[in-house]
Amino acid sequence: MNIPTKKLLSGFEMPVYGLGTWQMGEDESQKDADVSAVKDAIELGITHIDTAEVYGDGGAEKVVGDAIKGYDRKKLFIVSKVYGNHLHYNDLLNSLNKSLDRLGTDYLDLFLLHRFNPEVELSETMRAMEDAFEQKLIKNIGISNYNVDETQSARKNCKYPVVANQLHYNLKIREAQEKGLLDYCQKEDLMLIAWRPLKHVDLDLPIVANMAKKYNKTPVQIALNWLISQKNVVTLSKTANVIHLKENLGALDFTMEQEDIKSLLNDFPDQEEVSDTVALRN
Ligand SMILES: NC(=O)c1ccc[n+]([C@@H]2O[C@H](COP(=O)([O-])OP(=O)(O)OC[C@H]3O[C@@H](n4cnc5c(N)ncnc54)[C@H](OP(=O)(O)O)[C@@H]3O)[C@@H](O)[C@H]2O)c1
């Protein structure tokens, strides 16, 4: 399947759905299965693969590196992240080079600062990102789990566009919305990459069942489509199960009506403002 893309006014473009790799590569005995899962995903049309230096302590990047061998690199959209303890100039470039080595690639399509670190000046971090960009080691610069003020600072301190903020956003966790990040991304031409679209979201609810019936889709497909039906929002989920992945890809071939997007936005029960994983600072 050809996965649809979203394009910003700046020209930055990425697939609306990608594969996550958190918890892959943690267990050596599972490595072959993890590599097969990523390869199966590519065979089914996945091009956006999301990983990070911190996942499995580099193990997830190795899994991705093994899986993408033999595929046309230009057709893939590989994203990795540098952790918040590697944001000084030399540390960042060292981390990036190690990520590239593990992934067996010369460049990343998008490189994200995984967490804000108030102890490191953004000007120093962004100087490293700019140099990596100029050396063509990264095609695009992004951030993750940054609040609005931090996003503004990141943009102010970078001479190249900061194209994306990867955030915990799903039917239940509404921090991105409540703290103005969704609005900011939509107004300021950034992509909001919604992480963890499914995990810990109770989809066994009448409001979801009704939508699933209306669109002849499953609850999972409603949860994913609700995200990508929103302006400047794309998503990614982790799955090592081909049946699940096929179901998830079935979320990409329809458009939910505005009134249904709003109804889920307002009426989905038990919404939580704060992510259980990352509480964005005020
Ligand atoms: N920037 C950040 O700080 C940050 C933080 C967390 C995650 N992320 C990224 O976002 C990705 C996605 O988040 P996540 O992995 O935490 O959560 P998720 O994708 O919402 O959920 C993953 C779980 O859902 C299951 N699943 C997937 N599709 C399914 C389906 N159709 N039916 C039933 N179960 C299904 C998977 O199990 P199966 O394998 O059995 O399908 C897995 O247990 C991560 O892998 C990572 O790349 C980024």
# chains A, B, ... in the order shown; residues from 1 in each chain; ligands from 1
call {"tool": "residues_near_ligand", "arguments": {"ligand": "ligand 1", "cutoff": "8 Å", "atoms": "only C-alpha atoms and all ligand atoms", "output": "count of residues only"}}
result
41
call {"tool": "residues_around", "arguments": {"residues": "A:Leu96", "least_positions_apart": "6", "cutoff": "10 Å", "atoms": "only C-alpha atoms", "output": "list of chain:residue names"}}
result
A:Glu53, A:Ser80, A:Lys81, A:Val82, A:His86, A:Asn90, A:Arg102, A:Tyr107, A:Leu108, A:Phe111, A:Ala128, A:Met129, A:Ala132, A:Leu137, A:Ile138
call {"tool": "write_last_selection", "arguments": {"atoms": "C-alpha atoms", "output": "PDB file, in the first residue's frame"}}
result
ATOM      1  CA  GLU A  53      19.339   6.014  20.622  1.00  0.00           C
ATOM      2  CA  SER A  80      15.852   8.883  15.282  1.00  0.00           C
ATOM      3  CA  LYS A  81      16.275  10.874  18.476  1.00  0.00           C
ATOM      4  CA  VAL A  82      19.109  12.066  20.651  1.00  0.00           C
ATOM      5  CA  HIS A  86      23.458  14.283  25.042  1.00  0.00           C
ATOM      6  CA  ASN A  90      30.086  17.275  20.916  1.00  0.00           C
ATOM      7  CA  ARG A 102      23.842   1.360  14.119  1.00  0.00           C
ATOM      8  CA  TYR A 107      21.655  10.276   6.918  1.00  0.00           C
ATOM      9  CA  LEU A 108      18.404  10.568   8.848  1.00  0.00           C
ATOM     10  CA  PHE A 111      16.425  13.938  13.777  1.00  0.00           C
ATOM     11  CA  ALA A 128      25.117  21.011  16.570  1.00  0.00           C
ATOM     12  CA  MET A 129      21.822  20.342  14.771  1.00  0.00           C
ATOM     13  CA  ALA A 132      24.627  18.089  11.189  1.00  0.00           C
ATOM     14  CA  LEU A 137      23.765  13.949   8.130  1.00  0.00           C
ATOM     15  CA  ILE A 138      20.151  14.947   8.804  1.00  0.00           C
TER      16      ILE A 138
END
call {"tool": "select_by_dssp", "arguments": {"residues": "stretch 16-244 of chain A", "states": "strand (DSSP E)", "output": "MDAnalysis selection string"}}
result
chainID A and resid 17:20 48:50 77:82 110:113 141:144 162:168 191:195 233:237
call {"tool": "write_last_selection", "arguments": {"atoms": "N, CA and C atoms", "output": "mmCIF file, in the first residue's frame"}}
result
data_model
loop_
_atom_site.group_PDB
_atom_site.id
_atom_site.type_symbol
_atom_site.label_atom_id
_atom_site.label_comp_id
_atom_site.auth_asym_id
_atom_site.auth_seq_id
_atom_site.Cartn_x
_atom_site.Cartn_y
_atom_site.Cartn_z
ATOM 1 N N TYR A 17 1.430 7.846 8.640
ATOM 2 C CA TYR A 17 1.504 6.753 9.618
ATOM 3 C C TYR A 17 2.871 6.074 9.500
ATOM 4 N N GLY A 18 3.457 5.769 10.634
ATOM 5 C CA GLY A 18 4.754 5.095 10.626
ATOM 6 C C GLY A 18 4.809 3.997 11.671
ATOM 7 N N LEU A 19 5.954 3.314 11.681
ATOM 8 C CA LEU A 19 6.156 2.202 12.624
ATOM 9 C C LEU A 19 7.043 2.663 13.774
ATOM 10 N N GLY A 20 6.595 2.438 15.005
ATOM 11 C CA GLY A 20 7.416 2.726 16.183
ATOM 12 C C GLY A 20 8.263 1.520 16.540
ATOM 13 N N HIS A 48 8.001 5.241 6.956
ATOM 14 C CA HIS A 48 8.405 5.995 8.148
ATOM 15 C C HIS A 48 8.664 5.016 9.293
ATOM 16 N N ILE A 49 9.930 4.959 9.722
ATOM 17 C CA ILE A 49 10.298 4.105 10.862
ATOM 18 C C ILE A 49 10.910 5.016 11.921
ATOM 19 N N ASP A 50 10.349 4.930 13.131
ATOM 20 C CA ASP A 50 10.761 5.814 14.223
ATOM 21 C C ASP A 50 11.578 5.032 15.244
ATOM 22 N N PHE A 77 11.807 6.692 5.273
ATOM 23 C CA PHE A 77 11.819 7.946 6.033
ATOM 24 C C PHE A 77 12.202 7.554 7.466
ATOM 25 N N ILE A 78 13.509 7.650 7.741
ATOM 26 C CA ILE A 78 14.016 7.146 9.020
ATOM 27 C C ILE A 78 14.180 8.312 10.006
ATOM 28 N N VAL A 79 13.588 8.100 11.176
ATOM 29 C CA VAL A 79 13.627 9.121 12.236
ATOM 30 C C VAL A 79 14.346 8.541 13.448
ATOM 31 N N SER A 80 15.305 9.292 13.996
ATOM 32 C CA SER A 80 15.852 8.883 15.282
ATOM 33 C C SER A 80 15.934 10.100 16.213
ATOM 34 N N LYS A 81 16.314 9.809 17.464
ATOM 35 C CA LYS A 81 16.275 10.874 18.476
ATOM 36 C C LYS A 81 17.522 10.815 19.336
ATOM 37 N N VAL A 82 17.995 11.984 19.709
ATOM 38 C CA VAL A 82 19.109 12.066 20.651
ATOM 39 C C VAL A 82 18.509 12.364 22.026
ATOM 40 N N LEU A 110 14.796 12.678 9.522
ATOM 41 C CA LEU A 110 14.389 13.616 10.575
ATOM 42 C C LEU A 110 15.114 13.220 11.858
ATOM 43 N N PHE A 111 15.705 14.200 12.519
ATOM 44 C CA PHE A 111 16.425 13.938 13.777
ATOM 45 C C PHE A 111 15.756 14.780 14.858
ATOM 46 N N LEU A 112 15.361 14.121 15.945
ATOM 47 C CA LEU A 112 14.598 14.801 16.993
ATOM 48 C C LEU A 112 15.403 14.925 18.282
ATOM 49 N N LEU A 113 15.233 16.039 18.964
ATOM 50 C CA LEU A 113 15.726 16.180 20.341
ATOM 51 C C LEU A 113 14.647 15.525 21.213
ATOM 52 N N ILE A 141 15.159 18.875 10.968
ATOM 53 C CA ILE A 141 15.388 19.054 12.403
ATOM 54 C C ILE A 141 14.045 19.077 13.130
ATOM 55 N N GLY A 142 13.956 18.323 14.244
ATOM 56 C CA GLY A 142 12.712 18.330 15.003
ATOM 57 C C GLY A 142 12.968 18.186 16.497
ATOM 58 N N ILE A 143 11.895 18.208 17.251
ATOM 59 C CA ILE A 143 11.952 18.119 18.706
ATOM 60 C C ILE A 143 10.876 17.136 19.176
ATOM 61 N N SER A 144 10.932 16.788 20.440
ATOM 62 C CA SER A 144 9.922 15.883 20.979
ATOM 63 C C SER A 144 9.676 16.229 22.441
ATOM 64 N N VAL A 162 12.450 24.167 12.258
ATOM 65 C CA VAL A 162 12.162 23.023 13.149
ATOM 66 C C VAL A 162 10.808 22.514 12.666
ATOM 67 N N VAL A 163 10.801 21.338 12.050
ATOM 68 C CA VAL A 163 9.617 20.953 11.273
ATOM 69 C C VAL A 163 8.591 20.137 12.050
ATOM 70 N N ALA A 164 9.000 19.560 13.196
ATOM 71 C CA ALA A 164 8.058 18.653 13.870
ATOM 72 C C ALA A 164 8.296 18.619 15.372
ATOM 73 N N ASN A 165 7.209 18.359 16.106
ATOM 74 C CA ASN A 165 7.288 18.094 17.541
ATOM 75 C C ASN A 165 6.563 16.767 17.771
ATOM 76 N N GLN A 166 7.281 15.769 18.298
ATOM 77 C CA GLN A 166 6.662 14.452 18.538
ATOM 78 C C GLN A 166 6.123 14.438 19.965
ATOM 79 N N LEU A 167 4.821 14.195 20.093
ATOM 80 C CA LEU A 167 4.140 14.367 21.384
ATOM 81 C C LEU A 167 3.189 13.225 21.689
ATOM 82 N N HIS A 168 2.984 12.977 22.971
ATOM 83 C CA HIS A 168 1.993 11.983 23.406
ATOM 84 C C HIS A 168 0.604 12.575 23.167
ATOM 85 N N MET A 191 4.705 19.893 12.048
ATOM 86 C CA MET A 191 3.994 18.619 12.087
ATOM 87 C C MET A 191 3.931 18.175 13.553
ATOM 88 N N LEU A 192 2.760 17.708 13.985
ATOM 89 C CA LEU A 192 2.650 17.092 15.312
ATOM 90 C C LEU A 192 2.635 15.573 15.069
ATOM 91 N N ILE A 193 3.712 14.914 15.487
ATOM 92 C CA ILE A 193 3.785 13.455 15.321
ATOM 93 C C ILE A 193 3.270 12.843 16.618
ATOM 94 N N ALA A 194 2.094 12.242 16.557
ATOM 95 C CA ALA A 194 1.447 11.747 17.777
ATOM 96 C C ALA A 194 2.017 10.379 18.144
ATOM 97 N N TRP A 195 2.742 10.321 19.277
ATOM 98 C CA TRP A 195 3.239 9.014 19.715
ATOM 99 C C TRP A 195 2.236 8.340 20.660
ATOM 100 N N VAL A 233 -1.392 16.727 11.826
ATOM 101 C CA VAL A 233 -1.115 15.607 12.740
ATOM 102 C C VAL A 233 -0.858 14.333 11.931
ATOM 103 N N VAL A 234 0.226 13.650 12.269
ATOM 104 C CA VAL A 234 0.501 12.307 11.740
ATOM 105 C C VAL A 234 0.733 11.419 12.958
ATOM 106 N N THR A 235 0.816 10.122 12.760
ATOM 107 C CA THR A 235 1.015 9.263 13.921
ATOM 108 C C THR A 235 1.903 8.061 13.583
ATOM 109 N N LEU A 236 2.219 7.320 14.619
ATOM 110 C CA LEU A 236 3.017 6.105 14.439
ATOM 111 C C LEU A 236 2.659 5.172 15.580
ATOM 112 N N SER A 237 2.616 3.874 15.282
ATOM 113 C CA SER A 237 2.410 2.939 16.379
ATOM 114 C C SER A 237 3.393 1.793 16.239
#
call {"tool": "atom_distance", "arguments": {"atom1": "atom CA of A:Asp101", "atom2": "atom CA of A:Gly58"}}
result
10.3 Å
call {"tool": "atom_distance", "arguments": {"atom1": "atom CA of A:Arg73", "atom2": "atom CA of A:Asp109"}}
result
10.2 Å
call {"tool": "residues_around", "arguments": {"residues": "stretch 268-272 of chain A", "least_positions_apart": "4", "cutoff": "8 Å", "atoms": "only C-alpha atoms", "output": "list of chain:residue names"}}
result
A:Leu171, A:Lys172, A:Ile173, A:Arg174, A:Glu175, A:Ile207, A:Ser263, A:Leu264
call {"tool": "residues_around", "arguments": {"residues": "stretch 29-38 of chain A", "least_positions_apart": "3", "cutoff": "6 Å", "atoms": "only C-alpha atoms", "output": "list of chain:residue names"}}
result
A:Gly25, A:Ala41, A:Val63, A:Ala67, A:Ala240
call {"tool": "residues_around", "arguments": {"residues": "A:Gly250", "least_positions_apart": "5", "cutoff": "12 Å", "atoms": "only C-alpha atoms", "output": "list in words"}}
result
Met1, Asn2, Ile3, Pro4, Tyr17, Leu44, Tyr215, Asn216, Lys217, Thr218, Pro219, Val220, Gln221, Ile222, Ala223, Leu224, Asn225, Ile243, His244, Leu245 and Thr255 of chain A
call {"tool": "atom_distance", "arguments": {"atom1": "atom CA of A:Val120", "atom2": "atom CA of A:Tyr184"}}
result
23.9 Å
call {"tool": "residues_around", "arguments": {"residues": "A:Asn157", "least_positions_apart": "6", "cutoff": "8 Å", "atoms": "only C-alpha atoms", "output": "JSON, numbers by chain"}}
result
{"A": [122, 123, 126]}
call {"tool": "write_last_selection", "arguments": {"atoms": "N, CA and C atoms", "output": "PDB file, in the first residue's frame"}}
result
ATOM      1  N   LEU A 122      19.924  25.975  24.560  1.00  0.00           N
ATOM      2  CA  LEU A 122      19.412  25.542  23.250  1.00  0.00           C
ATOM      3  C   LEU A 122      20.295  26.041  22.109  1.00  0.00           C
ATOM      4  N   SER A 123      20.931  27.202  22.315  1.00  0.00           N
ATOM      5  CA  SER A 123      21.788  27.730  21.241  1.00  0.00           C
ATOM      6  C   SER A 123      22.922  26.748  20.939  1.00  0.00           C
ATOM      7  N   MET A 126      21.365  23.601  19.234  1.00  0.00           N
ATOM      8  CA  MET A 126      20.917  23.879  17.868  1.00  0.00           C
ATOM      9  C   MET A 126      22.100  24.130  16.926  1.00  0.00           C
TER      10      MET A 126
END
call {"tool": "select_by_dssp", "arguments": {"residues": "stretch 114-235 of chain A", "states": "helix (DSSP H, G or I)", "output": "NGL selection string"}}
result
:A and (122-134 or 148-156 or 175-178 or 181-188 or 206-215 or 219-228)
call {"tool": "write_last_selection", "arguments": {"atoms": "C-alpha atoms", "output": "mmCIF file, in the first residue's frame"}}
result
data_model
loop_
_atom_site.group_PDB
_atom_site.id
_atom_site.type_symbol
_atom_site.label_atom_id
_atom_site.label_comp_id
_atom_site.auth_asym_id
_atom_site.auth_seq_id
_atom_site.Cartn_x
_atom_site.Cartn_y
_atom_site.Cartn_z
ATOM 1 C CA LEU A 122 19.412 25.542 23.250
ATOM 2 C CA SER A 123 21.788 27.730 21.241
ATOM 3 C CA GLU A 124 24.555 25.141 21.781
ATOM 4 C CA THR A 125 22.305 22.187 20.951
ATOM 5 C CA MET A 126 20.917 23.879 17.868
ATOM 6 C CA ARG A 127 24.427 24.750 16.638
ATOM 7 C CA ALA A 128 25.117 21.011 16.570
ATOM 8 C CA MET A 129 21.822 20.342 14.771
ATOM 9 C CA GLU A 130 22.635 23.057 12.206
ATOM 10 C CA ASP A 131 26.097 21.597 11.591
ATOM 11 C CA ALA A 132 24.627 18.089 11.189
ATOM 12 C CA PHE A 133 22.131 19.542 8.713
ATOM 13 C CA GLU A 134 24.862 21.353 6.766
ATOM 14 C CA VAL A 148 5.078 25.785 23.511
ATOM 15 C CA ASP A 149 7.736 28.014 25.125
ATOM 16 C CA GLU A 150 10.460 25.452 24.512
ATOM 17 C CA THR A 151 9.300 24.982 20.923
ATOM 18 C CA GLN A 152 9.452 28.729 20.358
ATOM 19 C CA SER A 153 12.969 28.847 21.844
ATOM 20 C CA ALA A 154 14.089 25.915 19.729
ATOM 21 C CA ARG A 155 12.877 27.677 16.602
ATOM 22 C CA LYS A 156 14.425 31.004 17.629
ATOM 23 C CA GLU A 175 -1.924 17.392 26.993
ATOM 24 C CA ALA A 176 -0.891 18.502 23.500
ATOM 25 C CA GLN A 177 -4.313 19.989 22.994
ATOM 26 C CA GLU A 178 -4.795 21.438 26.486
ATOM 27 C CA LEU A 181 0.688 22.562 21.259
ATOM 28 C CA LEU A 182 -1.804 21.288 18.689
ATOM 29 C CA ASP A 183 -2.941 24.833 18.021
ATOM 30 C CA TYR A 184 0.645 26.073 17.864
ATOM 31 C CA CYS A 185 1.710 23.367 15.389
ATOM 32 C CA GLN A 186 -1.300 24.086 13.187
ATOM 33 C CA LYS A 187 -0.755 27.845 13.187
ATOM 34 C CA GLU A 188 3.033 27.796 12.964
ATOM 35 C CA PRO A 206 -19.990 3.047 23.003
ATOM 36 C CA ILE A 207 -18.834 6.316 21.400
ATOM 37 C CA VAL A 208 -16.042 4.459 19.589
ATOM 38 C CA ALA A 209 -18.260 1.491 18.739
ATOM 39 C CA ASN A 210 -20.802 3.849 17.135
ATOM 40 C CA MET A 211 -18.126 5.475 14.959
ATOM 41 C CA ALA A 212 -16.715 2.084 14.042
ATOM 42 C CA LYS A 213 -20.169 0.994 12.928
ATOM 43 C CA LYS A 214 -20.774 4.197 10.973
ATOM 44 C CA TYR A 215 -17.521 3.924 8.992
ATOM 45 C CA PRO A 219 -12.117 0.835 17.039
ATOM 46 C CA VAL A 220 -8.332 0.865 16.489
ATOM 47 C CA GLN A 221 -8.852 2.310 13.018
ATOM 48 C CA ILE A 222 -11.126 4.998 14.459
ATOM 49 C CA ALA A 223 -8.479 5.934 17.059
ATOM 50 C CA LEU A 224 -5.761 6.258 14.402
ATOM 51 C CA ASN A 225 -7.939 8.004 11.852
ATOM 52 C CA TRP A 226 -9.118 10.546 14.431
ATOM 53 C CA LEU A 227 -5.506 11.670 14.783
ATOM 54 C CA ILE A 228 -4.588 11.866 11.118
#
call {"tool": "closest_residue", "arguments": {"among": "A:Met14, A:Val54, A:Lys6, A:Lys69", "to": "A:Gly84", "atoms": "only C-alpha atoms"}}
result
A:Val54
